[in-house]
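Novice: What follows is work-v2.txt; its format and atoms are compact mmCIF, C-alpha atoms.
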```txt
# COMPACT_ATOMS: atom_id res chain seq x y z
CA MET A 112 -13.44 -3.48 60.98
CA LYS A 113 -13.71 -6.20 58.34
CA ILE A 114 -14.09 -4.13 55.17
CA ILE A 115 -13.20 -0.58 54.11
CA TYR A 116 -14.52 0.81 50.83
CA VAL A 117 -12.57 3.31 48.74
CA GLY A 118 -13.68 5.41 45.79
CA SER A 119 -15.69 8.48 44.83
CA TYR A 120 -18.82 9.09 46.90
CA ASN A 121 -21.69 11.34 45.83
CA ALA A 122 -24.27 12.04 48.54
CA GLY A 123 -26.91 13.01 45.94
CA GLU A 124 -28.93 10.74 43.65
CA ILE A 125 -27.92 12.09 40.24
CA LEU A 126 -24.98 9.74 39.80
CA THR A 127 -22.51 8.54 37.21
CA GLY A 128 -22.26 4.78 36.73
CA PRO A 129 -19.13 4.33 38.91
CA GLU A 130 -20.60 6.62 41.58
CA LYS A 131 -23.77 4.53 41.68
CA VAL A 132 -21.81 1.28 41.98
CA SER A 133 -19.71 2.73 44.82
CA LYS A 134 -22.67 4.11 46.71
CA ARG A 135 -24.95 1.08 46.37
CA ILE A 136 -22.35 -1.54 47.33
CA PHE A 137 -21.35 0.52 50.38
CA GLU A 138 -25.02 0.93 51.34
CA GLU A 139 -25.68 -2.81 51.02
CA TYR A 140 -22.79 -3.72 53.30
CA ALA A 141 -23.78 -0.99 55.79
CA LYS A 142 -27.12 -2.79 56.21
CA ILE A 143 -25.42 -5.84 57.74
CA ASP A 144 -22.30 -4.52 59.47
CA ARG A 145 -20.37 -1.39 60.28
CA THR A 146 -17.98 -0.30 57.56
CA LEU A 147 -16.24 2.83 56.29
CA PHE A 148 -16.15 4.61 52.92
CA VAL A 149 -12.96 6.57 52.22
CA GLN A 150 -12.55 9.21 49.55
CA TYR A 151 -9.81 11.74 48.84
CA PHE A 152 -9.52 15.54 48.57
CA GLN A 153 -9.30 15.10 44.80
CA ASP A 154 -9.79 18.64 43.50
CA GLY A 155 -6.44 20.42 43.75
CA ARG A 156 -8.04 23.76 42.88
CA LYS A 157 -10.46 23.45 45.79
CA TYR A 158 -8.31 21.88 48.51
CA SER A 159 -4.95 22.94 49.93
CA LYS A 160 -1.83 20.75 49.95
CA TYR A 161 -2.27 20.33 53.70
CA LYS A 162 -5.80 18.96 53.17
CA LYS A 163 -4.57 16.60 50.47
CA LEU A 164 -1.95 15.20 52.85
CA PHE A 165 -3.46 15.41 56.34
CA GLY A 166 -7.07 16.56 56.02
CA LYS A 167 -10.13 14.83 57.45
CA GLU A 168 -13.82 15.59 56.89
CA LYS A 169 -16.92 13.51 57.55
CA THR A 170 -19.22 13.91 54.53
CA ASN A 171 -22.03 11.42 55.22
CA GLU A 172 -23.20 8.50 57.35
CA VAL A 173 -25.26 5.45 56.34
CA ASN A 174 -26.66 3.12 59.03
CA GLY A 175 -23.89 4.13 61.41
CA SER A 176 -21.14 3.72 58.78
CA GLU A 177 -19.21 6.88 58.02
CA VAL A 178 -18.09 8.41 54.74
CA LEU A 179 -14.78 10.21 55.32
CA MET A 180 -12.70 12.43 53.07
CA LEU A 181 -9.06 11.98 54.04
CA GLY A 182 -5.64 13.24 52.99
CA ILE A 183 -3.16 10.58 51.87
CA PHE A 184 -1.13 10.30 55.08
CA ARG A 185 -4.23 10.55 57.26
CA MET A 186 -5.85 7.86 55.12
CA LEU A 187 -2.94 5.41 55.43
CA PHE A 188 -2.67 5.95 59.18
CA HIS A 189 -6.43 5.57 59.68
CA ILE A 190 -6.62 2.33 57.71
CA VAL A 191 -3.61 0.80 59.49
CA LYS A 192 -5.23 1.74 62.80
CA LEU A 193 -8.53 0.02 61.87
CA LYS A 194 -6.76 -3.17 60.60
CA PRO A 195 -9.40 -4.22 58.05
CA ASP A 196 -9.44 -7.68 56.48
CA ILE A 197 -10.29 -6.25 53.05
CA ILE A 198 -9.94 -2.92 51.26
CA HIS A 199 -12.35 -2.79 48.32
CA ILE A 200 -11.57 -0.11 45.73
CA LEU A 201 -14.88 0.54 43.97
CA SER A 202 -13.75 2.95 41.25
CA PHE A 203 -10.50 4.07 39.65
CA ASN A 204 -8.75 6.88 41.49
CA ARG A 205 -5.01 7.44 41.34
CA PHE A 206 -4.77 7.95 45.08
CA ALA A 207 -5.87 4.33 45.57
CA ALA A 208 -2.41 3.17 44.41
CA PHE A 209 -0.98 4.44 47.73
CA LEU A 210 -3.20 2.01 49.62
CA TYR A 211 -1.06 -0.93 48.56
CA ILE A 212 1.55 0.39 51.02
CA VAL A 213 -0.83 -0.87 53.72
CA LYS A 214 -0.18 -4.43 52.53
CA ILE A 215 3.39 -4.05 53.84
CA PHE A 216 2.13 -3.56 57.40
CA LEU A 217 -1.08 -5.58 57.49
CA ARG A 218 -2.31 -8.93 56.24
CA VAL A 219 -5.00 -7.22 54.21
CA LYS A 220 -6.53 -8.16 50.87
CA VAL A 221 -7.24 -5.49 48.29
CA PHE A 222 -10.13 -5.93 45.82
CA TYR A 223 -10.85 -3.74 42.80
CA THR A 224 -14.02 -3.22 40.75
CA LEU A 225 -13.05 -2.53 37.14
CA ASN A 226 -15.68 -0.10 35.86
CA GLY A 227 -13.49 0.77 32.89
CA ILE A 228 -9.95 0.35 31.54
CA ILE A 229 -8.35 3.76 31.98
CA ARG A 230 -5.42 3.10 29.66
CA HIS A 231 -7.86 2.27 26.86
CA GLU A 232 -9.97 5.35 27.59
CA ASN A 233 -6.91 7.63 27.64
CA LYS A 234 -5.68 6.19 24.34
CA TYR A 235 -8.90 6.62 22.37
CA TYR A 236 -11.32 8.93 24.17
CA ASN A 237 -9.98 11.18 26.94
CA LYS A 238 -7.98 14.31 26.24
CA GLU A 239 -5.44 14.27 29.05
CA SER A 240 -1.99 15.80 29.46
CA ALA A 241 1.02 13.54 28.93
CA LEU A 242 1.80 13.74 32.66
CA THR A 243 -1.74 12.69 33.61
CA VAL A 244 -1.62 9.77 31.18
CA VAL A 245 1.68 8.56 32.69
CA LYS A 246 0.32 8.87 36.24
CA ASN A 247 -2.81 6.96 35.22
CA ILE A 248 -0.74 4.17 33.64
CA ILE A 249 1.41 3.77 36.76
CA SER A 250 -1.58 3.81 39.10
CA GLU A 251 -3.65 1.39 37.03
CA ASN A 252 -0.72 -1.05 36.76
CA ILE A 253 -0.31 -1.05 40.54
CA ILE A 254 -4.04 -1.57 41.09
CA ILE A 255 -4.49 -4.33 38.49
CA TYR A 256 -1.39 -6.35 39.32
CA LEU A 257 -1.28 -5.96 43.11
CA SER A 258 -4.99 -6.50 43.80
CA ASP A 259 -5.93 -9.87 45.26
CA ARG A 260 -9.15 -9.93 43.25
CA VAL A 261 -10.38 -7.89 40.27
CA PHE A 262 -14.10 -7.73 39.51
CA TYR A 263 -14.99 -7.07 35.87
CA LEU A 264 -18.45 -6.32 34.47
CA SER A 265 -18.61 -8.18 31.14
CA GLU A 266 -16.63 -10.36 28.76
CA PHE A 267 -16.28 -7.26 26.59
CA SER A 268 -14.41 -5.48 29.40
CA ARG A 269 -12.27 -8.56 30.13
CA ARG A 270 -11.16 -8.73 26.49
CA ILE A 271 -10.08 -5.09 26.54
CA LEU A 272 -8.36 -5.62 29.90
CA TYR A 273 -6.18 -8.35 28.36
CA ILE A 274 -5.10 -6.05 25.53
CA TYR A 275 -3.21 -3.92 28.06
CA PHE A 276 -2.62 -6.21 31.05
CA LYS A 277 -1.92 -9.87 31.74
CA PRO A 278 -3.35 -10.43 35.24
CA ASP A 279 -3.67 -13.88 36.77
CA ARG A 280 -6.98 -15.26 35.49
CA ALA A 281 -7.60 -16.94 38.85
CA LYS A 282 -8.09 -13.60 40.54
CA LEU A 283 -10.70 -12.33 38.05
CA THR A 284 -14.41 -12.55 38.88
CA MET A 285 -17.30 -11.28 36.77
CA VAL A 286 -20.08 -9.33 38.43
CA ARG A 287 -22.74 -7.15 36.87
CA ASN A 288 -24.27 -3.83 37.79
CA GLY A 289 -27.70 -3.47 39.34
CA LEU A 290 -30.99 -1.62 39.51
CA ASP A 291 -32.32 0.62 42.25
CA ASN A 292 -35.39 -0.67 44.06
CA CYS A 293 -37.67 1.93 42.46
CA PHE A 294 -36.92 0.45 39.03
CA ILE A 295 -37.45 -3.09 40.32
CA ASP A 296 -40.77 -2.15 41.91
CA PHE A 297 -42.00 -0.39 38.75
CA THR A 298 -44.24 -2.49 36.47
CA PRO A 299 -44.50 -1.25 32.86
CA GLN A 300 -48.08 -1.03 31.57
CA GLU A 301 -48.55 -2.44 28.09
CA ASN A 302 -51.62 -0.29 27.45
CA LEU A 303 -49.83 2.91 28.48
CA ASN A 304 -50.14 5.65 25.85
CA LYS A 305 -46.51 5.73 24.69
CA GLU A 306 -44.89 8.13 22.27
CA ARG A 307 -44.66 5.57 19.48
CA ASN A 308 -41.73 7.00 17.52
CA SER A 309 -39.72 8.17 20.52
CA LEU A 310 -36.04 7.25 20.94
CA VAL A 311 -34.00 7.82 24.09
CA PHE A 312 -30.22 8.27 24.26
CA ILE A 313 -28.63 8.44 27.74
CA GLY A 314 -25.08 9.70 28.18
CA ASN A 315 -22.80 12.69 27.69
CA ILE A 316 -22.87 13.39 23.98
CA ASP A 317 -19.39 14.93 24.01
CA GLN A 318 -17.92 11.54 24.99
CA LYS A 319 -17.02 9.93 21.67
CA GLU A 320 -17.34 6.40 23.05
CA LYS A 321 -21.05 6.93 23.79
CA GLY A 322 -21.75 7.00 20.05
CA PHE A 323 -24.12 9.97 19.81
CA GLU A 324 -22.75 11.12 16.43
CA PHE A 325 -23.05 7.54 15.13
CA LEU A 326 -26.72 7.61 16.17
CA ILE A 327 -27.35 10.98 14.53
CA ARG A 328 -25.78 9.88 11.23
CA SER A 329 -27.85 6.69 11.31
CA LEU A 330 -31.07 8.62 11.91
CA SER A 331 -30.51 10.56 8.68
CA THR A 332 -31.30 7.33 6.78
CA LEU A 333 -34.73 6.82 8.36
CA ASP A 334 -37.93 6.85 6.32
CA TYR A 335 -40.04 7.91 9.29
CA LYS A 336 -40.06 10.94 11.53
CA VAL A 337 -38.77 10.29 15.06
CA LYS A 338 -38.53 12.26 18.26
CA LEU A 339 -35.14 11.86 19.92
CA TYR A 340 -34.61 12.54 23.62
CA ALA A 341 -30.99 12.98 24.74
CA ILE A 342 -30.54 12.71 28.51
CA ASP A 343 -27.26 14.56 28.86
CA SER A 344 -25.31 16.10 31.75
CA SER A 345 -22.50 17.69 29.73
CA GLY A 346 -24.37 20.86 28.80
CA LYS A 347 -23.06 20.55 25.23
CA ALA A 348 -25.97 18.80 23.53
CA GLN A 349 -27.54 22.03 22.31
CA ARG A 350 -24.90 22.43 19.58
CA PHE A 351 -26.50 19.50 17.69
CA VAL A 352 -30.02 20.86 17.68
CA ASP A 353 -29.76 23.30 14.78
CA PHE A 354 -28.39 20.98 12.11
CA ILE A 355 -29.70 17.47 12.68
CA LYS A 356 -32.70 16.02 10.92
CA PRO A 357 -34.73 14.42 13.75
CA GLU A 358 -36.58 16.40 16.35
CA ILE A 359 -34.33 16.42 19.41
CA ASN A 360 -35.15 17.27 22.99
CA ILE A 361 -32.31 17.86 25.45
CA VAL A 362 -33.11 16.57 28.93
CA ASP A 363 -30.95 16.97 32.05
CA LYS A 364 -29.97 13.93 34.09
CA MET A 365 -32.54 13.07 36.74
CA SER A 366 -32.89 11.28 40.04
CA PRO A 367 -34.17 7.67 39.76
CA ASP A 368 -37.81 8.43 40.62
CA LYS A 369 -37.99 11.27 38.08
CA MET A 370 -36.25 9.08 35.51
CA ILE A 371 -39.01 6.48 35.80
CA GLU A 372 -41.70 9.09 35.24
CA PHE A 373 -39.87 10.33 32.17
CA LEU A 374 -39.02 6.94 30.64
CA LYS A 375 -42.29 5.07 31.11
CA SER A 376 -43.98 6.85 28.18
CA LYS A 377 -41.07 6.40 25.74
CA SER A 378 -40.66 3.55 23.24
CA ILE A 379 -37.03 2.70 22.40
CA VAL A 380 -33.70 3.16 24.17
CA VAL A 381 -30.62 3.27 21.92
CA ALA A 382 -27.12 2.62 23.32
CA PRO A 383 -24.90 3.18 20.25
CA SER A 384 -21.63 2.98 22.20
CA GLU A 385 -18.20 2.09 20.88
CA TYR A 386 -17.08 1.24 24.42
CA ASP A 387 -19.31 0.58 27.42
CA THR A 388 -18.47 -2.12 29.98
CA PHE A 389 -22.00 -2.21 31.47
CA SER A 390 -24.64 0.49 31.05
CA ILE A 391 -26.74 0.99 34.17
CA SER A 392 -28.80 3.69 32.45
CA SER A 393 -29.76 1.34 29.59
CA LEU A 394 -30.76 -1.32 32.09
CA GLU A 395 -32.93 1.24 33.91
CA ALA A 396 -34.64 2.18 30.65
CA ILE A 397 -35.32 -1.49 29.84
CA SER A 398 -36.90 -1.97 33.27
CA CYS A 399 -39.29 0.91 32.38
CA GLY A 400 -40.54 -0.95 29.32
CA LEU A 401 -38.39 0.54 26.56
CA TYR A 402 -37.22 -1.73 23.76
CA PRO A 403 -33.38 -1.85 23.67
CA VAL A 404 -31.21 -1.32 20.60
CA LEU A 405 -27.60 -1.91 21.63
CA THR A 406 -24.23 -2.17 19.97
CA ARG A 407 -22.30 -5.38 20.52
CA GLN A 408 -19.62 -3.18 22.09
CA THR A 409 -21.76 -2.76 25.21
CA GLY A 410 -21.30 -5.27 28.01
CA LEU A 411 -25.05 -5.31 28.60
CA SER A 412 -25.59 -6.80 25.13
CA GLU A 413 -23.91 -10.06 26.15
CA PHE A 414 -26.75 -11.37 28.28
CA ILE A 415 -29.78 -9.07 28.17
CA GLY A 416 -31.18 -11.17 25.31
CA SER A 417 -31.78 -13.95 27.83
CA PHE A 418 -34.23 -11.67 29.65
CA ILE A 419 -35.94 -9.60 26.98
CA ASN A 420 -36.22 -8.96 23.22
CA VAL A 421 -33.30 -6.89 21.96
CA SER A 422 -31.77 -5.72 18.68
CA LEU A 423 -27.97 -5.71 18.31
CA VAL A 424 -25.76 -3.88 15.85
CA ASN A 425 -22.02 -3.30 15.45
CA TYR A 426 -20.71 0.16 16.29
CA ASN A 427 -20.51 2.49 13.26
CA ASP A 428 -22.70 0.28 11.06
CA HIS A 429 -25.01 3.13 10.08
CA ASN A 430 -27.05 1.18 7.56
CA SER A 431 -27.84 -1.65 9.98
CA LEU A 432 -28.80 0.71 12.80
CA GLY A 433 -31.00 2.70 10.41
CA GLU A 434 -32.69 -0.48 9.13
CA ILE A 435 -33.33 -1.73 12.67
CA LEU A 436 -34.86 1.57 13.76
CA ASN A 437 -36.94 1.79 10.57
CA GLY A 438 -38.35 -1.66 11.24
CA LEU A 439 -39.10 -0.95 14.89
CA ILE A 440 -40.79 2.37 14.18
CA ASN A 441 -42.90 0.89 11.38
CA SER A 442 -43.85 -2.24 13.35
CA LYS A 443 -47.13 -2.47 15.23
CA VAL A 444 -46.00 -5.66 17.00
CA ASN A 445 -45.53 -5.39 20.76
CA LYS A 446 -41.75 -5.35 21.17
CA TYR A 447 -41.68 -5.65 24.94
CA ARG A 448 -41.98 -8.73 27.08
CA SER A 449 -42.04 -9.14 30.84
CA PHE A 450 -38.64 -8.43 32.38
CA ASN A 451 -37.66 -10.02 35.70
CA SER A 452 -35.79 -7.00 37.03
CA LYS A 453 -35.30 -8.62 40.46
CA GLU A 454 -32.43 -10.56 38.89
CA PHE A 455 -30.58 -7.22 38.82
CA SER A 456 -31.23 -5.93 42.34
CA TRP A 457 -28.26 -4.35 44.08
CA ASN A 458 -28.77 -6.89 46.85
CA MET A 459 -28.12 -9.72 44.40
CA VAL A 460 -25.12 -7.88 42.96
CA PHE A 461 -23.74 -7.31 46.45
CA ASN A 462 -24.19 -10.98 47.36
CA LYS A 463 -21.72 -11.89 44.59
CA TYR A 464 -19.18 -9.54 46.14
CA TYR A 465 -19.94 -10.79 49.64
CA LEU A 466 -19.31 -14.42 48.71
CA CYS A 467 -15.91 -13.41 47.35
CA TYR A 468 -15.06 -11.49 50.52
CA TYR A 469 -15.15 -14.66 52.59
CA ARG A 470 -14.23 -17.31 50.01
```
Spell out the structure here as structure tokens.

Specialist:
Amino acid sequence: MKIIYVGSYNAGEILTGPEKVSKRIFEEYAKIDRTLFVQYFQDGRKYSKYKKLFGKEKTNEVNGSEVLMLGIFRMLFHIVKLKPDIIHILSFNRFAAFLYIVKIFLRVKVFYTLNGIIRHENKYYNKESALTVVKNIISENIIIYLSDRVFYLSEFSRRILYIYFKPDRAKLTMVRNGLDNCFIDFTPQENLNKERNSLVFIGNIDQKEKGFEFLIRSLSTLDYKVKLYAIDSSGKAQRFVDFIKPEINIVDKMSPDKMIEFLKSKSIVVAPSEYDTFSISSLEAISCGLYPVLTRQTGLSEFIGSFINVSLVNYNDHNSLGEILNGLINSKVNKYRSFNSKEFSWNMVFNKYYLCYYR
């Protein structure tokens, strides 16, 4: 077997960003050759110690390629037995650090897709125990320094990476995230009856780095009434409803086809993040015809202006964000222009990985 993928696999279609990256890259490779996706019995409250060491369960299959959940020892033995050329870790998981033991026995390359910098997230955003933080630091150091190639998603993420690590620049390669085919096939209609003053926020509002409170404070400066839609999966958005000025509608996360139906009638997507290496959800909203307002602290902001009109603001600049939204809401000018979403197909994203596999 040439390539084995490692990460977190979700068989459904309501996915986090890292889950979507893992699933789509695995699916693209499974179209051309047999591969394997390996995940771990992560939840210690759900799985026994025996499972976490020696367990094996088949959880899915795509085009003849299996998705297996394996205990650590079973995982190492299985990978050594298959003798892959490459192990590609598609998302951060501490168990992945054990896979570098395989390099002792096999001439195998290990690649890593850097969806986020865990040390940075633990320092500023995540509330973890001291023991968890230490384990994350050790695991991330092993993965960053011992990987043969590290894929990063934006210059923004590379700059943060170099705050905490000093990897060999020669082994870094930039890729970007992609769009599902349903978003690529969708063509926004300019004459569609949109909700003119509608704003969309996508992300868990209890995650500080997503910038929801920054958005809410900025909206208090607006001269016009807006309708805010928060697509949230945390279940905690309701606590904002009673004391914020704009009308807010809490919407659960949706599958891609339902997301298109929801987004196509909305006007503006706001990504007010303090830290976001590459927002797939914002890209999906743009493909549905929404005008993007992004902070410069989002990786997507670096190049989306080459494809479509966009407004940029620095995180926590409430006055600037308020002025931008005021202008957009008051403007009768068409803010959207044709967007070549095929440039962001998962097939094109995968091709960048594939070229690196055999470089």

Novice: Using all atoms listed in the file, tabulate the residues of stretch 226-323 of chain A lying at most 8 Å from any atom of stretch 376-380 of chain A, each with its closest atom pair and that distance in Å to one decimal, by chain and increasing residue number, as a tab-separated table.

Specialist:
```
residue	atom	partner	partner_atom	distance
A:Leu303	CA	A:Ser376	CA	7.1
A:Asn304	CA	A:Ser376	CA	6.7
A:Lys305	CA	A:Ser376	CA	4.5
A:Glu306	CA	A:Lys377	CA	5.4
A:Arg307	CA	A:Ser378	CA	5.8
A:Asn308	CA	A:Ser378	CA	6.8
A:Ser309	CA	A:Ser378	CA	5.4
A:Leu310	CA	A:Ile379	CA	4.9
A:Val311	CA	A:Val380	CA	4.7
A:Phe312	CA	A:Val380	CA	6.2
```

Novice: If you take all atoms listed in the file and a cut-off of 7 Å, which residues of stretch 118-173 of chain A touch stretch 195-211 of chain A, and what are their nearest atom pairs and distances in Å to one decimal, in chain and number order, as JSON lines?

Specialist:
```
{"residue": "A:Gly118", "atom": "CA", "partner": "A:Ser202", "partner_atom": "CA", "distance": 5.2}
{"residue": "A:Ser119", "atom": "CA", "partner": "A:Ser202", "partner_atom": "CA", "distance": 6.9}
{"residue": "A:Pro129", "atom": "CA", "partner": "A:Ser202", "partner_atom": "CA", "distance": 6.0}
{"residue": "A:Ser133", "atom": "CA", "partner": "A:Leu201", "partner_atom": "CA", "distance": 5.4}
```

Novice: A:Arg230: which residues within 10 Å, counting only C-alpha atoms, same-chain residues fewer than 2 positions away excluded, as number ranges by chain?

Specialist: A: 227-228, 232-237, 244-245, 247-249, 251-252, 271-272, 275-276

Novice: Work out how far apart atom CA of A:Lys364 and atom CA of A:Lys336 are and give it in Å to one decimal.

Specialist: 24.9 Å

Novice: What is the atom CA of A:Gly314 to atom CA of A:Glu385 distance in Å?

Specialist: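 Distance reported for this atom pair: 12.6 Å.
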
Novice: Under the rule that all atoms listed in the file are counted, which of A:Asp334, A:Tyr340, A:Arg270, A:Asp368 is the nearest residue to A:Asn437?

Specialist: A:Asp334

Novice: Between atom CA of A:Val178 and atom CA of A:Arg156, what is the distance in Å, rounded to a tenth?

Specialist: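 These atoms are spaced 21.8 Å apart.
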
Novice: When you look at A:Leu326 with a cut-off of 10 Å (counting only C-alpha atoms), what residues show up, excluding the ones that are within fewer than 3 positions of it in the same chain? I need them as a list in words.

Specialist: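 With the cut-off at 10 Å, the set is Phe312, Lys321, Gly322, Phe323, Ser329, Leu330, Ser331, Val381, Ala382, Pro383, Ser384, Tyr426, Asn427, Asp428, His429, Leu432 and Gly433 of chain A.
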
Novice: Could you write those residues out with C-alpha atoms, as a PDB file, in the coordinates of the input?

Specialist:
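Saved as result00.pdb:
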```
ATOM      1  CA  PHE A 312     -30.220   8.270  24.260  1.00  0.00           C
ATOM      2  CA  LYS A 321     -21.050   6.930  23.790  1.00  0.00           C
ATOM      3  CA  GLY A 322     -21.750   7.000  20.050  1.00  0.00           C
ATOM      4  CA  PHE A 323     -24.120   9.970  19.810  1.00  0.00           C
ATOM      5  CA  SER A 329     -27.850   6.690  11.310  1.00  0.00           C
ATOM      6  CA  LEU A 330     -31.070   8.620  11.910  1.00  0.00           C
ATOM      7  CA  SER A 331     -30.510  10.560   8.680  1.00  0.00           C
ATOM      8  CA  VAL A 381     -30.620   3.270  21.920  1.00  0.00           C
ATOM      9  CA  ALA A 382     -27.120   2.620  23.320  1.00  0.00           C
ATOM     10  CA  PRO A 383     -24.900   3.180  20.250  1.00  0.00           C
ATOM     11  CA  SER A 384     -21.630   2.980  22.200  1.00  0.00           C
ATOM     12  CA  TYR A 426     -20.710   0.160  16.290  1.00  0.00           C
ATOM     13  CA  ASN A 427     -20.510   2.490  13.260  1.00  0.00           C
ATOM     14  CA  ASP A 428     -22.700   0.280  11.060  1.00  0.00           C
ATOM     15  CA  HIS A 429     -25.010   3.130  10.080  1.00  0.00           C
ATOM     16  CA  LEU A 432     -28.800   0.710  12.800  1.00  0.00           C
ATOM     17  CA  GLY A 433     -31.000   2.700  10.410  1.00  0.00           C
TER      18      GLY A 433
END
```

Novice: Need to verify the contact set: A:Ser393, 12 Å, all atoms listed in the file, exclusion of same-chain residues closer than 6 positions in sequence. Can you return it as a PDB file with C-alpha atoms, in the coordinates of the input?

Specialist:
```pdb
ATOM      1  CA  GLY A 128     -22.260   4.780  36.730  1.00  0.00           C
ATOM      2  CA  ASN A 288     -24.270  -3.830  37.790  1.00  0.00           C
ATOM      3  CA  GLY A 289     -27.700  -3.470  39.340  1.00  0.00           C
ATOM      4  CA  LEU A 290     -30.990  -1.620  39.510  1.00  0.00           C
ATOM      5  CA  PHE A 294     -36.920   0.450  39.030  1.00  0.00           C
ATOM      6  CA  VAL A 311     -34.000   7.820  24.090  1.00  0.00           C
ATOM      7  CA  PHE A 312     -30.220   8.270  24.260  1.00  0.00           C
ATOM      8  CA  ILE A 313     -28.630   8.440  27.740  1.00  0.00           C
ATOM      9  CA  GLY A 314     -25.080   9.700  28.180  1.00  0.00           C
ATOM     10  CA  LYS A 321     -21.050   6.930  23.790  1.00  0.00           C
ATOM     11  CA  ILE A 342     -30.540  12.710  28.510  1.00  0.00           C
ATOM     12  CA  MET A 370     -36.250   9.080  35.510  1.00  0.00           C
ATOM     13  CA  LEU A 374     -39.020   6.940  30.640  1.00  0.00           C
ATOM     14  CA  ILE A 379     -37.030   2.700  22.400  1.00  0.00           C
ATOM     15  CA  VAL A 380     -33.700   3.160  24.170  1.00  0.00           C
ATOM     16  CA  VAL A 381     -30.620   3.270  21.920  1.00  0.00           C
ATOM     17  CA  ALA A 382     -27.120   2.620  23.320  1.00  0.00           C
ATOM     18  CA  PRO A 383     -24.900   3.180  20.250  1.00  0.00           C
ATOM     19  CA  SER A 384     -21.630   2.980  22.200  1.00  0.00           C
ATOM     20  CA  ASP A 387     -19.310   0.580  27.420  1.00  0.00           C
ATOM     21  CA  CYS A 399     -39.290   0.910  32.380  1.00  0.00           C
ATOM     22  CA  GLY A 400     -40.540  -0.950  29.320  1.00  0.00           C
ATOM     23  CA  LEU A 401     -38.390   0.540  26.560  1.00  0.00           C
ATOM     24  CA  TYR A 402     -37.220  -1.730  23.760  1.00  0.00           C
ATOM     25  CA  PRO A 403     -33.380  -1.850  23.670  1.00  0.00           C
ATOM     26  CA  VAL A 404     -31.210  -1.320  20.600  1.00  0.00           C
ATOM     27  CA  LEU A 405     -27.600  -1.910  21.630  1.00  0.00           C
ATOM     28  CA  THR A 406     -24.230  -2.170  19.970  1.00  0.00           C
ATOM     29  CA  THR A 409     -21.760  -2.760  25.210  1.00  0.00           C
ATOM     30  CA  GLY A 410     -21.300  -5.270  28.010  1.00  0.00           C
ATOM     31  CA  LEU A 411     -25.050  -5.310  28.600  1.00  0.00           C
ATOM     32  CA  SER A 412     -25.590  -6.800  25.130  1.00  0.00           C
ATOM     33  CA  ILE A 415     -29.780  -9.070  28.170  1.00  0.00           C
ATOM     34  CA  VAL A 421     -33.300  -6.890  21.960  1.00  0.00           C
TER      35      VAL A 421
END
```

Novice: Quick one: residues within 12 Å of A:Asp296, only C-alpha atoms counted, chain neighbours fewer than 6 positions away excluded, as a PyMOL selection string?

Specialist: chain A and resi 290+368+371+395+398-399+450-453+455-456

Novice: Please give the centre and size of the box around stretch 324-341 of chain A (axis-aligned, containing every atom listed in the file, 5 Å added per side), with values in Å to one decimal and written as lines of an AutoDock Vina configuration file.

Specialist:
```
center_x = -31.4
center_y = 9.8
center_z = 15.5
size_x = 27.3
size_y = 16.3
size_z = 28.4
```

Novice: Using N, CA and C atoms, give me stretch 431-441 of chain A from the structure I just pasted, as a compact mmCIF listing (two decimals), in the first residue's frame.

Specialist:
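In the end it all went to decode_28.txt:
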```txt
# COMPACT_ATOMS: atom_id res chain seq x y z
N SER A 431 -14.02 50.31 12.44
CA SER A 431 -13.84 49.99 11.02
C SER A 431 -14.84 48.94 10.56
N LEU A 432 -15.05 47.90 11.37
CA LEU A 432 -16.02 46.88 10.98
C LEU A 432 -17.42 47.48 10.91
N GLY A 433 -17.77 48.33 11.87
CA GLY A 433 -19.07 48.99 11.85
C GLY A 433 -19.24 49.86 10.62
N GLU A 434 -18.20 50.62 10.27
CA GLU A 434 -18.27 51.50 9.08
C GLU A 434 -18.42 50.68 7.81
N ILE A 435 -17.68 49.57 7.70
CA ILE A 435 -17.79 48.72 6.51
C ILE A 435 -19.20 48.16 6.37
N LEU A 436 -19.73 47.65 7.47
CA LEU A 436 -21.08 47.06 7.41
C LEU A 436 -22.13 48.13 7.14
N ASN A 437 -21.98 49.30 7.72
CA ASN A 437 -22.89 50.41 7.43
C ASN A 437 -22.92 50.72 5.95
N GLY A 438 -21.72 50.81 5.36
CA GLY A 438 -21.62 51.13 3.93
C GLY A 438 -22.22 50.06 3.06
N LEU A 439 -21.99 48.79 3.41
CA LEU A 439 -22.52 47.70 2.60
C LEU A 439 -24.04 47.62 2.69
N ILE A 440 -24.58 47.81 3.88
CA ILE A 440 -26.02 47.73 4.07
C ILE A 440 -26.73 48.88 3.37
N ASN A 441 -26.10 50.05 3.37
CA ASN A 441 -26.71 51.25 2.77
C ASN A 441 -26.53 51.30 1.26
```
